[in-house]
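Source file: entry30.tsv; contents: TSV, C-alpha atoms and all ligand atoms.
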chain	number	residue	atom	x	y	z
K	1	MET	CA	-21.73	76.32	24.38
K	2	GLY	CA	-24.02	73.41	25.28
K	3	LEU	CA	-26.71	74.74	22.98
K	4	VAL	CA	-24.24	75.24	20.12
K	5	VAL	CA	-23.01	71.65	20.52
K	6	TRP	CA	-26.62	70.46	20.57
K	7	VAL	CA	-27.25	72.26	17.25
K	8	ALA	CA	-24.06	70.76	15.79
K	9	ILE	CA	-25.09	67.24	16.77
K	10	PHE	CA	-28.81	67.29	16.07
K	11	VAL	CA	-29.08	69.79	13.22
K	12	LEU	CA	-25.75	69.36	11.44
K	13	ASN	CA	-25.48	65.64	12.24
K	14	ILE	CA	-21.94	65.80	13.64
K	15	LEU	CA	-22.38	62.56	15.51
K	16	PHE	CA	-19.11	62.07	17.37
K	17	LEU	CA	-18.73	65.61	18.61
K	18	CYS	CA	-17.43	65.97	22.15
K	19	CYS	CA	-16.96	69.11	24.13
K	20	TYR	CA	-14.98	69.92	27.27
K	21	VAL	CA	-15.47	73.51	28.49
K	22	ASP	CA	-14.71	75.31	25.19
K	23	ASP	CA	-12.67	72.56	23.53
K	24	CYS	CA	-14.51	70.65	20.81
K	25	PHE	CA	-13.17	67.44	19.34
K	26	GLY	CA	-14.31	64.35	17.49
K	27	VAL	CA	-13.30	61.59	15.11
K	28	THR	CA	-13.81	60.95	11.43
K	29	THR	CA	-12.28	58.83	8.66
K	30	ASP	CA	-9.16	60.23	7.02
K	31	ASP	CA	-10.70	60.51	3.56
K	32	ASP	CA	-13.46	62.80	4.74
K	33	LEU	CA	-11.63	66.15	4.45
K	34	GLU	CA	-12.52	69.55	3.14
K	35	THR	CA	-10.78	72.92	2.79
K	36	TYR	CA	-11.85	75.69	5.15
K	37	GLU	CA	-11.28	78.73	2.95
K	38	PRO	CA	-10.72	81.49	5.54
K	39	TYR	CA	-7.77	79.55	7.03
K	40	GLN	CA	-6.72	77.76	3.81
K	41	MET	CA	-6.57	74.53	5.82
K	42	ARG	CA	-7.51	70.96	4.97
K	43	LEU	CA	-9.69	69.91	7.88
K	44	ALA	CA	-12.21	67.19	8.62
K	45	ARG	CA	-15.49	67.85	6.84
K	46	VAL	CA	-17.40	67.84	10.15
K	47	GLN	CA	-14.85	70.27	11.60
K	48	VAL	CA	-15.40	72.65	8.69
K	49	ALA	CA	-19.15	72.34	9.21
K	50	LEU	CA	-18.66	73.25	12.86
K	51	LEU	CA	-16.49	76.28	11.99
K	52	ARG	CA	-19.15	77.45	9.54
K	53	LEU	CA	-21.77	77.11	12.25
K	54	TRP	CA	-19.63	79.27	14.52
K	55	ASP	CA	-19.22	81.81	11.71
K	56	PHE	CA	-22.99	81.80	11.20
K	57	LEU	CA	-23.54	82.44	14.93
K	58	GLY	CA	-20.73	85.00	15.11
K	59	LEU	CA	-18.61	82.96	17.56
K	60	PRO	CA	-14.90	83.90	17.42
K	61	HIS	CA	-12.25	81.24	16.71
K	62	GLY	CA	-8.57	81.22	15.74
K	63	ARG	CA	-6.57	79.49	13.04
K	64	ARG	CA	-3.85	78.14	15.32
K	65	LYS	CA	-6.43	76.34	17.46
K	66	GLN	CA	-7.69	74.15	14.61
K	67	PHE	CA	-6.11	70.73	14.35
K	68	CYS	CA	-6.84	67.76	12.18
K	69	GLU	CA	-4.35	65.04	13.05
K	70	TYR	CA	-4.04	61.34	13.68
K	71	ILE	CA	-3.14	61.98	17.33
K	72	LEU	CA	-4.94	64.84	18.99
K	73	ASP	CA	-4.17	66.74	22.17
K	74	VAL	CA	-7.41	66.76	24.18
K	75	ILE	CA	-7.26	68.57	27.53
K	76	GLY	CA	-3.59	67.67	27.84
K	77	PHE	CA	-3.85	64.01	26.85
K	78	LEU	CA	-2.66	62.68	23.51
K	79	ILE	CA	-5.56	60.71	22.13
K	80	ASP	CA	-4.88	58.17	19.39
K	81	PRO	CA	-8.22	56.95	18.02
K	82	ASN	CA	-6.52	54.32	15.83
K	83	ALA	CA	-4.58	52.67	18.64
K	84	LEU	CA	-7.45	53.48	21.05
K	85	THR	CA	-5.05	54.92	23.59
K	86	ALA	CA	-4.76	58.02	25.72
K	87	THR	CA	-1.27	59.12	26.80
K	88	LEU	CA	0.05	61.53	29.35
K	89	PRO	CA	3.15	63.09	27.73
K	90	PRO	CA	6.35	62.40	29.75
K	91	GLU	CA	6.95	66.04	30.67
K	92	SER	CA	3.40	66.42	32.09
K	93	LYS	CA	3.91	63.20	33.99
K	94	SER	CA	7.16	64.30	35.64
K	95	GLU	CA	5.74	67.70	36.51
K	96	LEU	CA	2.74	66.08	38.17
K	97	ILE	CA	4.93	63.67	40.14
K	98	GLN	CA	7.19	66.50	41.28
K	99	GLN	CA	4.29	68.67	42.46
K	100	VAL	CA	2.63	65.77	44.29
K	101	ARG	CA	5.88	64.95	46.11
K	102	MET	CA	6.46	68.59	47.07
K	103	PHE	CA	2.93	68.81	48.43
K	104	ALA	CA	3.35	65.54	50.35
K	105	ASN	CA	6.52	66.82	51.96
K	106	SER	CA	5.07	70.13	53.09
K	107	ARG	CA	3.44	70.66	56.47
K	108	ARG	CA	0.52	72.90	55.65
K	109	ARG	CA	-1.12	74.16	52.47
K	110	THR	CA	-4.04	76.50	51.81
K	111	LEU	CA	-7.39	75.02	50.83
K	112	HIS	CA	-6.89	76.60	47.44
K	113	GLU	CA	-3.66	74.64	46.95
K	114	TRP	CA	-5.37	71.44	48.11
K	115	GLN	CA	-8.11	71.97	45.54
K	116	GLN	CA	-5.61	72.64	42.78
K	117	LEU	CA	-3.64	69.49	43.55
K	118	ALA	CA	-6.75	67.33	43.87
K	119	GLY	CA	-8.08	68.68	40.57
K	120	TRP	CA	-4.76	67.99	38.83
K	121	MET	CA	-4.50	64.45	40.20
K	122	ASN	CA	-8.14	63.76	39.37
K	123	TRP	CA	-7.54	64.90	35.81
K	124	SER	CA	-4.57	62.52	35.50
K	125	LEU	CA	-6.78	59.60	36.61
K	126	ASN	CA	-8.12	59.61	33.07
K	127	VAL	CA	-4.99	57.66	32.20
K	128	PHE	CA	-4.23	56.19	35.66
K	129	PRO	CA	-7.72	55.10	36.70
K	130	LEU	CA	-6.48	52.52	39.20
K	131	TYR	CA	-4.81	55.14	41.39
K	132	ARG	CA	-8.05	56.87	42.33
K	133	PRO	CA	-7.83	55.60	45.95
K	134	ALA	CA	-4.93	58.05	46.40
K	135	LEU	CA	-7.47	60.87	46.59
K	136	CYS	CA	-9.62	59.35	49.34
K	137	ASN	CA	-7.90	61.00	52.30
K	138	VAL	CA	-7.23	64.19	50.35
K	139	TYR	CA	-10.94	64.71	49.72
K	140	ALA	CA	-11.80	63.65	53.27
K	141	LYS	CA	-9.46	66.34	54.61
K	142	MET	CA	-10.95	69.06	52.38
K	143	ARG	CA	-14.57	68.17	53.11
K	144	GLY	CA	-16.68	70.88	54.75
K	145	LYS	CA	-14.00	73.57	54.43
K	146	SER	CA	-14.53	76.71	52.39
K	147	ASN	CA	-12.00	79.37	53.41
K	148	GLN	CA	-9.67	79.32	50.41
K	149	SER	CA	-6.76	80.88	52.24
K	150	ALA	CA	-7.00	78.88	55.46
K	151	LEU	CA	-4.13	76.46	55.98
K	152	ILE	CA	-4.79	72.72	56.26
K	153	PHE	CA	-2.27	70.27	57.71
K	154	VAL	CA	-0.87	67.57	55.45
K	155	ASN	CA	-1.34	64.63	57.81
K	156	LYS	CA	0.29	61.23	57.59
K	157	ALA	CA	-2.60	59.51	55.81
K	158	VAL	CA	-2.54	62.14	53.07
K	159	ARG	CA	1.25	62.12	52.82
K	160	ASP	CA	1.33	58.32	52.45
K	161	ASP	CA	-1.36	58.40	49.79
K	162	LEU	CA	0.35	61.13	47.80
K	163	LEU	CA	3.73	59.43	47.87
K	164	TRP	CA	2.07	56.14	46.92
K	165	PHE	CA	0.45	57.89	43.98
K	166	ALA	CA	3.71	59.54	42.87
K	167	ASP	CA	5.65	56.26	43.07
K	168	HIS	CA	3.05	54.41	41.05
K	169	VAL	CA	2.55	57.06	38.42
K	170	GLU	CA	6.31	57.24	38.02
K	171	ASN	CA	6.46	53.55	37.14
K	172	SER	CA	3.43	53.64	34.91
K	173	SER	CA	3.87	54.04	31.16
K	174	GLY	CA	1.25	56.77	31.04
K	175	VAL	CA	-0.46	54.99	28.16
K	176	PHE	CA	-4.03	54.03	28.75
K	177	PHE	CA	-5.69	51.47	26.47
K	178	PHE	CA	-9.41	51.99	26.15
K	179	ALA	CA	-9.79	48.30	25.30
K	180	ASN	CA	-8.73	47.52	28.89
K	181	ILE	CA	-11.96	48.85	30.31
K	182	ASP	CA	-14.24	48.00	27.44
K	183	TRP	CA	-14.96	44.33	28.04
K	184	ASN	CA	-17.90	42.40	29.35
K	185	PRO	CA	-17.07	40.74	32.68
K	186	LEU	CA	-19.96	38.29	32.25
K	187	VAL	CA	-18.75	36.67	29.05
K	188	GLU	CA	-15.21	37.86	28.30
K	189	ALA	CA	-13.35	36.95	31.48
K	190	ASP	CA	-10.26	34.72	31.31
K	191	LEU	CA	-11.03	33.51	34.81
K	192	GLU	CA	-13.97	33.69	37.18
K	193	ILE	CA	-13.90	33.58	40.94
K	194	TYR	CA	-16.87	33.37	43.28
K	195	GLY	CA	-16.48	34.90	46.71
K	196	ASP	CA	-18.65	35.47	49.74
K	197	ALA	CA	-18.38	36.29	53.41
K	198	CYS	CA	-20.43	36.15	56.57
K	199	LEU	CA	-19.59	37.30	60.09
K	200	THR	CA	-17.89	34.04	60.93
K	201	GLY	CA	-15.96	33.27	57.77
K	202	LEU	CA	-15.11	34.07	54.21
K	203	GLY	CA	-14.12	32.12	51.17
K	204	PHE	CA	-13.77	32.06	47.47
K	205	TRP	CA	-13.92	29.45	44.78
K	206	VAL	CA	-11.90	29.24	41.55
K	207	PRO	CA	-13.87	26.72	39.48
K	208	ALA	CA	-11.25	26.56	36.69
K	209	ASP	CA	-8.59	25.47	39.17
K	210	ASN	CA	-10.89	23.24	41.16
K	211	LEU	CA	-9.87	25.24	44.18
K	212	GLY	CA	-11.65	26.75	47.14
K	213	LEU	CA	-10.05	28.79	49.91
K	214	SER	CA	-11.62	29.89	53.16
K	215	ALA	CA	-10.74	31.64	56.38
K	216	LEU	CA	-12.39	32.37	59.70
K	217	VAL	CA	-13.15	35.96	60.62
K	218	ASP	CA	-10.87	37.10	63.41
K	219	GLN	CA	-13.42	37.75	66.15
K	220	GLY	CA	-10.95	39.99	67.97
K	221	SER	CA	-10.75	42.40	65.03
K	222	GLU	CA	-12.42	45.77	65.49
K	223	MET	CA	-14.02	45.10	62.10
K	224	ALA	CA	-15.47	41.75	63.20
K	225	HIS	CA	-19.07	43.00	63.12
K	226	LEU	CA	-18.84	44.76	59.73
K	227	ILE	CA	-20.00	42.35	57.06
K	228	PHE	CA	-19.15	44.83	54.29
K	229	TYR	CA	-15.53	44.83	55.41
K	230	TRP	CA	-15.25	41.05	55.09
K	231	GLU	CA	-17.03	40.98	51.75
K	232	ALA	CA	-14.47	43.49	50.46
K	233	ILE	CA	-11.58	41.53	52.02
K	234	THR	CA	-12.84	38.44	50.22
K	235	VAL	CA	-12.54	40.19	46.87
K	236	LEU	CA	-9.11	41.52	47.79
K	237	ALA	CA	-8.00	38.03	48.81
K	238	ALA	CA	-9.21	36.65	45.49
K	239	ILE	CA	-7.27	39.32	43.61
K	240	HIS	CA	-4.14	38.59	45.64
K	241	HIS	CA	-4.55	34.90	45.10
K	242	ILE	CA	-4.29	35.52	41.37
K	243	THR	CA	-1.72	38.32	41.28
K	244	ARG	CA	0.62	36.87	43.88
K	245	SER	CA	0.57	33.32	42.68
K	246	PRO	CA	4.06	31.97	41.90
K	247	ASN	CA	3.03	31.62	38.26
K	248	PRO	CA	0.66	34.52	37.79
K	249	ARG	CA	-1.49	34.45	34.70
K	250	ARG	CA	-0.38	37.36	32.57
K	251	GLY	CA	-1.74	39.22	29.63
K	252	THR	CA	-0.08	41.95	27.64
K	253	ALA	CA	-0.34	45.73	27.98
K	254	GLU	CA	-2.84	45.75	25.13
K	255	ARG	CA	-4.74	42.74	26.36
K	256	PRO	CA	-4.28	42.22	30.11
K	257	PHE	CA	-5.51	39.18	31.91
K	258	ARG	CA	-9.23	39.56	32.64
K	259	LEU	CA	-10.54	38.43	35.99
K	260	THR	CA	-14.17	38.45	37.04
K	261	ILE	CA	-14.91	38.16	40.73
K	262	ARG	CA	-18.51	37.55	41.67
K	263	SER	CA	-19.80	38.96	44.91
K	264	ASP	CA	-23.33	39.34	46.21
K	265	SER	CA	-22.44	42.48	48.16
K	266	SER	CA	-23.43	45.52	46.14
K	267	ASN	CA	-21.41	47.83	48.42
K	268	THR	CA	-18.34	45.80	47.60
K	269	VAL	CA	-19.04	45.86	43.90
K	270	ASN	CA	-19.48	49.63	44.16
K	271	ILE	CA	-16.19	50.38	45.88
K	272	PHE	CA	-14.19	48.23	43.47
K	273	ASN	CA	-16.09	49.65	40.53
K	274	SER	CA	-15.64	53.28	41.50
K	275	LEU	CA	-12.37	52.78	43.41
K	276	HIS	CA	-13.89	55.14	45.91
K	277	ALA	CA	-14.50	54.21	49.55
K	278	GLN	CA	-14.60	55.67	53.04
K	279	PRO	CA	-11.10	56.17	54.49
K	280	THR	CA	-11.57	53.05	56.68
K	281	TYR	CA	-11.99	50.87	53.61
K	282	ASN	CA	-9.54	52.70	51.38
K	283	PRO	CA	-6.53	50.50	52.28
K	284	ILE	CA	-8.43	47.57	50.76
K	285	LEU	CA	-8.57	49.44	47.47
K	286	THR	CA	-4.95	50.57	47.47
K	287	ALA	CA	-3.93	47.02	48.33
K	288	ALA	CA	-6.05	45.73	45.46
K	289	VAL	CA	-4.42	47.92	42.83
K	290	GLU	CA	-0.93	47.42	44.21
K	291	PRO	CA	-0.92	44.04	45.80
K	292	ASP	CA	2.55	43.89	47.23
K	293	THR	CA	3.59	46.96	49.16
K	294	ARG	CA	0.82	48.10	51.44
K	295	TRP	CA	-1.10	45.17	52.70
K	296	SER	CA	0.42	42.92	55.26
K	297	GLY	CA	-2.40	41.92	57.58
K	298	GLN	CA	-4.84	39.44	56.16
K	299	SER	CA	-4.02	36.20	54.51
K	300	MET	CA	-6.30	33.47	53.38
K	301	GLN	CA	-6.02	30.07	54.91
K	302	ALA	CA	-5.24	27.71	52.10
K	303	GLY	CA	-6.91	24.38	51.51
K	304	GLY	CA	-8.72	23.04	48.49
K	305	ALA	CA	-12.43	22.44	48.96
K	306	THR	CA	-11.79	18.78	48.49
K	307	ALA	CA	-9.09	18.62	51.12
K	308	MET	CA	-11.20	20.61	53.52
K	309	ALA	CA	-14.17	18.37	53.11
K	310	GLU	CA	-12.00	15.32	53.55
K	311	ASP	CA	-10.71	16.84	56.75
K	312	GLY	CA	-14.26	16.92	57.94
K	313	ALA	CA	-14.67	20.68	57.91
K	314	PRO	CA	-18.31	21.37	58.61
K	315	PRO	CA	-20.23	22.31	55.45
K	316	HIS	CA	-21.02	25.81	56.67
K	317	ILE	CA	-17.34	26.71	56.48
K	318	ILE	CA	-16.96	25.46	52.96
K	319	GLN	CA	-20.21	27.20	52.31
K	320	ALA	CA	-19.02	30.53	53.62
K	321	THR	CA	-19.86	30.96	49.99
K	322	GLY	CA	-23.48	30.71	51.16
K	323	ARG	CA	-25.97	32.77	49.23
K	324	TRP	CA	-24.46	32.79	45.77
K	325	ALA	CA	-23.46	29.29	46.17
K	326	SER	CA	-26.37	26.99	46.31
K	327	ASP	CA	-26.52	26.32	42.57
K	328	ALA	CA	-22.88	26.58	41.69
K	329	PHE	CA	-21.78	24.75	44.78
K	330	GLN	CA	-24.15	21.87	44.22
K	331	PHE	CA	-23.03	21.66	40.61
K	332	TYR	CA	-19.45	21.46	41.83
K	333	ILE	CA	-20.33	18.71	44.24
K	334	ARG	CA	-22.18	16.74	41.60
K	335	LYS	CA	-19.06	16.89	39.45
K	336	ASN	CA	-16.83	15.94	42.36
K	337	PRO	CA	-18.43	13.04	44.19
K	338	VAL	CA	-15.45	12.74	46.54
K	339	VAL	CA	-16.36	16.08	48.03
K	340	LEU	CA	-19.95	15.03	48.39
K	341	ASN	CA	-18.97	11.88	50.26
K	342	ALA	CA	-16.57	13.74	52.48
K	343	MET	CA	-19.20	16.32	53.25
K	344	LEU	CA	-21.79	13.77	54.15
K	345	ALA	CA	-19.25	12.24	56.48
K	346	ALA	CA	-18.51	15.62	57.97
K	347	GLN	CA	-22.19	16.33	58.44
K	348	ARG	CA	-22.72	13.05	60.23
K	349	ARG	CA	-19.87	13.90	62.58
K	350	ASP	CA	-21.33	17.34	63.30
E	1	LIG	C1	-12.83	64.01	38.75
E	1	LIG	O1	-12.82	64.00	37.32
E	1	LIG	C2	-13.98	63.46	36.72
E	1	LIG	C3	-13.81	63.47	35.22
E	1	LIG	O2	-12.55	63.05	34.85
E	1	LIG	C4	-15.20	64.27	37.12
E	1	LIG	O3	-16.36	63.68	36.57
E	1	LIG	C5	-15.30	64.30	38.65
E	1	LIG	O4	-16.37	65.13	39.02
E	1	LIG	C6	-14.02	64.82	39.27
E	1	LIG	N1	-14.12	64.69	40.70
E	1	LIG	C7	-13.94	65.72	41.50
E	1	LIG	C8	-14.18	65.48	42.94
E	1	LIG	O5	-13.59	66.81	41.09
E	2	LIG	C1	-9.67	82.63	56.18
E	2	LIG	O1	-8.41	82.21	56.63
E	2	LIG	C2	-7.44	83.23	56.75
E	2	LIG	C3	-6.10	82.58	57.10
E	2	LIG	O2	-6.25	81.70	58.18
E	2	LIG	C4	-7.92	84.22	57.82
E	2	LIG	O3	-6.98	85.27	57.94
E	2	LIG	C5	-9.28	84.78	57.43
E	2	LIG	O4	-9.79	85.61	58.45
E	2	LIG	C6	-10.27	83.65	57.15
E	2	LIG	N1	-11.50	84.18	56.59
E	2	LIG	C7	-12.70	83.88	57.08
E	2	LIG	C8	-13.86	84.50	56.40
E	2	LIG	O5	-12.84	83.16	58.04
E	3	LIG	C1	8.99	51.03	40.47
E	3	LIG	O1	9.96	50.33	39.69
E	3	LIG	C2	11.15	50.02	40.39
E	3	LIG	C3	12.13	49.41	39.40
E	3	LIG	O2	11.51	48.41	38.65
E	3	LIG	C4	10.82	49.08	41.55
E	3	LIG	O3	11.98	48.79	42.27
E	3	LIG	C5	9.81	49.76	42.46
E	3	LIG	O4	9.41	48.88	43.49
E	3	LIG	C6	8.59	50.19	41.67
E	3	LIG	N1	7.71	50.95	42.55
E	3	LIG	C7	6.41	50.67	42.67
E	3	LIG	C8	5.66	51.54	43.58
E	3	LIG	O5	5.87	49.78	42.06
Using structure tokens, write down the structure from this file.
Amino acid sequence: MGLVVWVAIFVLNILFLCCYVDDCFGVTTDDDLETYEPYQMRLARVQVALLRLWDFLGLPHGRRKQFCEYILDVIGFLIDPNALTATLPPESKSELIQQVRMFANSRRRTLHEWQQLAGWMNWSLNVFPLYRPALCNVYAKMRGKSNQSALIFVNKAVRDDLLWFADHVENSSGVFFFANIDWNPLVEADLEIYGDACLTGLGFWVPADNLGLSALVDQGSEMAHLIFYWEAITVLAAIHHITRSPNPRRGTAERPFRLTIRSDSSNTVNIFNSLHAQPTYNPILTAAVEPDTRWSGQSMQAGGATAMAEDGAPPHIIQATGRWASDAFQFYIRKNPVVLNAMLAAQRRD
């Protein structure tokens, strides 16, 4: 099939042709139609060209599998290229939720059943991309196993994740807007936050609000020596700061509020980007996509940068922002001479 698709794209010039297993689909303008004689159907011109290629190669196809519509069913999702949305139809959604809950409430399942469920949930992430962390413990539990009929326990971590997934999918509209992921975080953000951490403290800075928040790392924590953990917590704290504020900035479903958080930790960027982390870090991700229910431990210690400096906090705490900060931080201080004075005072006291 790959070779046939290659011929269609590079020889027949069908530019927007996509293929999933043996499903082919694409887009075209609605005035570009042609009749495919054998089926007596008005179809997209590129679709007719593809059918003729199949005829030429002797590949079988059926009339009832040809569609040319404004909204197309592609591997179970309704794709609307005009609205730029993908939708999970309500009946598929409820069936998925029901199966996930049944699995969560069972004690043991065969590896084969685990794989089926994971595959089904993974497929649904096409429209619920934020709920990917729900699969972390599921995959961890399946790793290294190969006997399809061997039973695997549904442990508490997996059960919690599955029920979390089911609850969230249930509340979600099932409509995914492609525009929500297609934006440039460097130039199209509504708000930017700079965050950084070291093994003694963490902090972030919201330039638009003239606000900086910092906290000390709890040295008694079993994570105290893991810098990656605190870098990720910093990003989570910044997200919570925005989403849990008494007057959260809101967008609309079509155009949600866009937040860029800058971090100099590439591991952190990777886990938030892929929403995939080791089980130890996974709660940070679930807490990030659903700020209210699961996370109750960490909280940032409030205090504007100005207030902190006036209090005589030593500069290294304000500059938990360290490596990214030198330029931005100095710019901030130049614009806010009060902070500069307070910091000089603090430094002298040090
Ligand atoms: C999950 O689905 C994506 C495509 O939607 C695929 O690329 C990925 O390999 C799948 N992951 C697993 C572990 O099956
Ligand atoms: C796979 O697991 C089943 C059920 O536990 C068991 O009966 C069978 O012997 C196992 N097969 C192999 C090859 O280990
Ligand atoms: C789902 O929506 C209901 C009703 O609005 C709400 O009470 C519940 O907390 C929501 N669940 C989640 C997981 O967001």
Write out as CSV a residue-level contact list of chain K versus ligand LIG 1 (chain E) with cut-off 6 Å: for each qualifying residue the closest pair of atoms and the distance in Å to one decimal, counting only C-alpha atoms and all ligand atoms, rows sorted by chain and residue number upward.
residue,atom,partner,partner_atom,distance
K:Gly119,CA,E:LIG1,O5,5.8
K:Asn122,CA,E:LIG1,C1,4.7
K:Trp123,CA,E:LIG1,O2,5.4
K:Asn126,CA,E:LIG1,O2,5.9
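The contact shell of ligand LIG 3 (chain E), defined as all polymer residues within 6 Å when all atoms listed in the file are used, comprises Asp167, His168 and Asn171 of chain K.
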Once you count all atoms listed in the file, what closest atom pair and distance in Å to one decimal does each residue of chain K within 9 Å of ligand LIG 2 (chain E) have, with rows by chain and rising residue number, as a Markdown table?
| residue | atom | partner | partner_atom | distance |
| --- | --- | --- | --- | --- |
| K:Thr110 | CA | E:LIG2 | C3 | 8.3 |
| K:Ser146 | CA | E:LIG2 | C1 | 8.5 |
| K:Asn147 | CA | E:LIG2 | C1 | 4.9 |
| K:Gln148 | CA | E:LIG2 | C1 | 6.7 |
| K:Ser149 | CA | E:LIG2 | O1 | 4.9 |
| K:Ala150 | CA | E:LIG2 | O1 | 3.8 |
| K:Leu151 | CA | E:LIG2 | O2 | 6.1 |
Take the residues from that selection and put them in a file with C-alpha atoms, as a short mmCIF file (atom, residue, chain, number, x, y, z; two decimals), keeping the file's coordinate frame.
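And here's part_23.cif as it stands now:
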data_model
loop_
_atom_site.label_atom_id
_atom_site.label_comp_id
_atom_site.auth_asym_id
_atom_site.auth_seq_id
_atom_site.Cartn_x
_atom_site.Cartn_y
_atom_site.Cartn_z
CA THR K 110 -4.04 76.50 51.81
CA SER K 146 -14.53 76.71 52.39
CA ASN K 147 -12.00 79.37 53.41
CA GLN K 148 -9.67 79.32 50.41
CA SER K 149 -6.76 80.88 52.24
CA ALA K 150 -7.00 78.88 55.46
CA LEU K 151 -4.13 76.46 55.98
#
Next item on the list: Quick one: pull the distance between CA of Ala288 (chain K) and CA of Phe257 (chain K), Å, one decimal.
Entry: 15.1 Å
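Residues lying within 12 Å of Ile79 (chain K), counting only C-alpha atoms and ignoring same-chain neighbours fewer than 6 positions away, are K:Phe25, K:Gly26, K:Val27, K:Glu69, K:Tyr70, K:Ile71, K:Leu72, K:Asp73, K:Thr85, K:Ala86, K:Thr87, K:Leu88, K:Pro89, K:Asn126, K:Val127, K:Gly174, K:Val175, K:Phe176, K:Phe177, K:Phe178.
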Next item on the list: Excluding region 243-254 of chain K and any residue of its chain fewer than 4 positions from it, enumerate the residues within 12 Å of it, using only C-alpha atoms, and give them as an MDAnalysis selection string.
Entry: chainID K and resid 83:85 172:182 189:191 236:239 258:259 287:293 299
Same residues, C-alpha atoms, output as a PDB file, in the frame of the given file:
ATOM      1  CA  ALA K  83      -4.580  52.670  18.640  1.00  0.00           C
ATOM      2  CA  LEU K  84      -7.450  53.480  21.050  1.00  0.00           C
ATOM      3  CA  THR K  85      -5.050  54.920  23.590  1.00  0.00           C
ATOM      4  CA  SER K 172       3.430  53.640  34.910  1.00  0.00           C
ATOM      5  CA  SER K 173       3.870  54.040  31.160  1.00  0.00           C
ATOM      6  CA  GLY K 174       1.250  56.770  31.040  1.00  0.00           C
ATOM      7  CA  VAL K 175      -0.460  54.990  28.160  1.00  0.00           C
ATOM      8  CA  PHE K 176      -4.030  54.030  28.750  1.00  0.00           C
ATOM      9  CA  PHE K 177      -5.690  51.470  26.470  1.00  0.00           C
ATOM     10  CA  PHE K 178      -9.410  51.990  26.150  1.00  0.00           C
ATOM     11  CA  ALA K 179      -9.790  48.300  25.300  1.00  0.00           C
ATOM     12  CA  ASN K 180      -8.730  47.520  28.890  1.00  0.00           C
ATOM     13  CA  ILE K 181     -11.960  48.850  30.310  1.00  0.00           C
ATOM     14  CA  ASP K 182     -14.240  48.000  27.440  1.00  0.00           C
ATOM     15  CA  ALA K 189     -13.350  36.950  31.480  1.00  0.00           C
ATOM     16  CA  ASP K 190     -10.260  34.720  31.310  1.00  0.00           C
ATOM     17  CA  LEU K 191     -11.030  33.510  34.810  1.00  0.00           C
ATOM     18  CA  LEU K 236      -9.110  41.520  47.790  1.00  0.00           C
ATOM     19  CA  ALA K 237      -8.000  38.030  48.810  1.00  0.00           C
ATOM     20  CA  ALA K 238      -9.210  36.650  45.490  1.00  0.00           C
ATOM     21  CA  ILE K 239      -7.270  39.320  43.610  1.00  0.00           C
ATOM     22  CA  ARG K 258      -9.230  39.560  32.640  1.00  0.00           C
ATOM     23  CA  LEU K 259     -10.540  38.430  35.990  1.00  0.00           C
ATOM     24  CA  ALA K 287      -3.930  47.020  48.330  1.00  0.00           C
ATOM     25  CA  ALA K 288      -6.050  45.730  45.460  1.00  0.00           C
ATOM     26  CA  VAL K 289      -4.420  47.920  42.830  1.00  0.00           C
ATOM     27  CA  GLU K 290      -0.930  47.420  44.210  1.00  0.00           C
ATOM     28  CA  PRO K 291      -0.920  44.040  45.800  1.00  0.00           C
ATOM     29  CA  ASP K 292       2.550  43.890  47.230  1.00  0.00           C
ATOM     30  CA  THR K 293       3.590  46.960  49.160  1.00  0.00           C
ATOM     31  CA  SER K 299      -4.020  36.200  54.510  1.00  0.00           C
TER      32      SER K 299
END
Next item on the list: To one decimal in Å, tell me the separation between CA of Arg63 (chain K) and CA of Tyr36 (chain K).
Entry: 10.2 Å
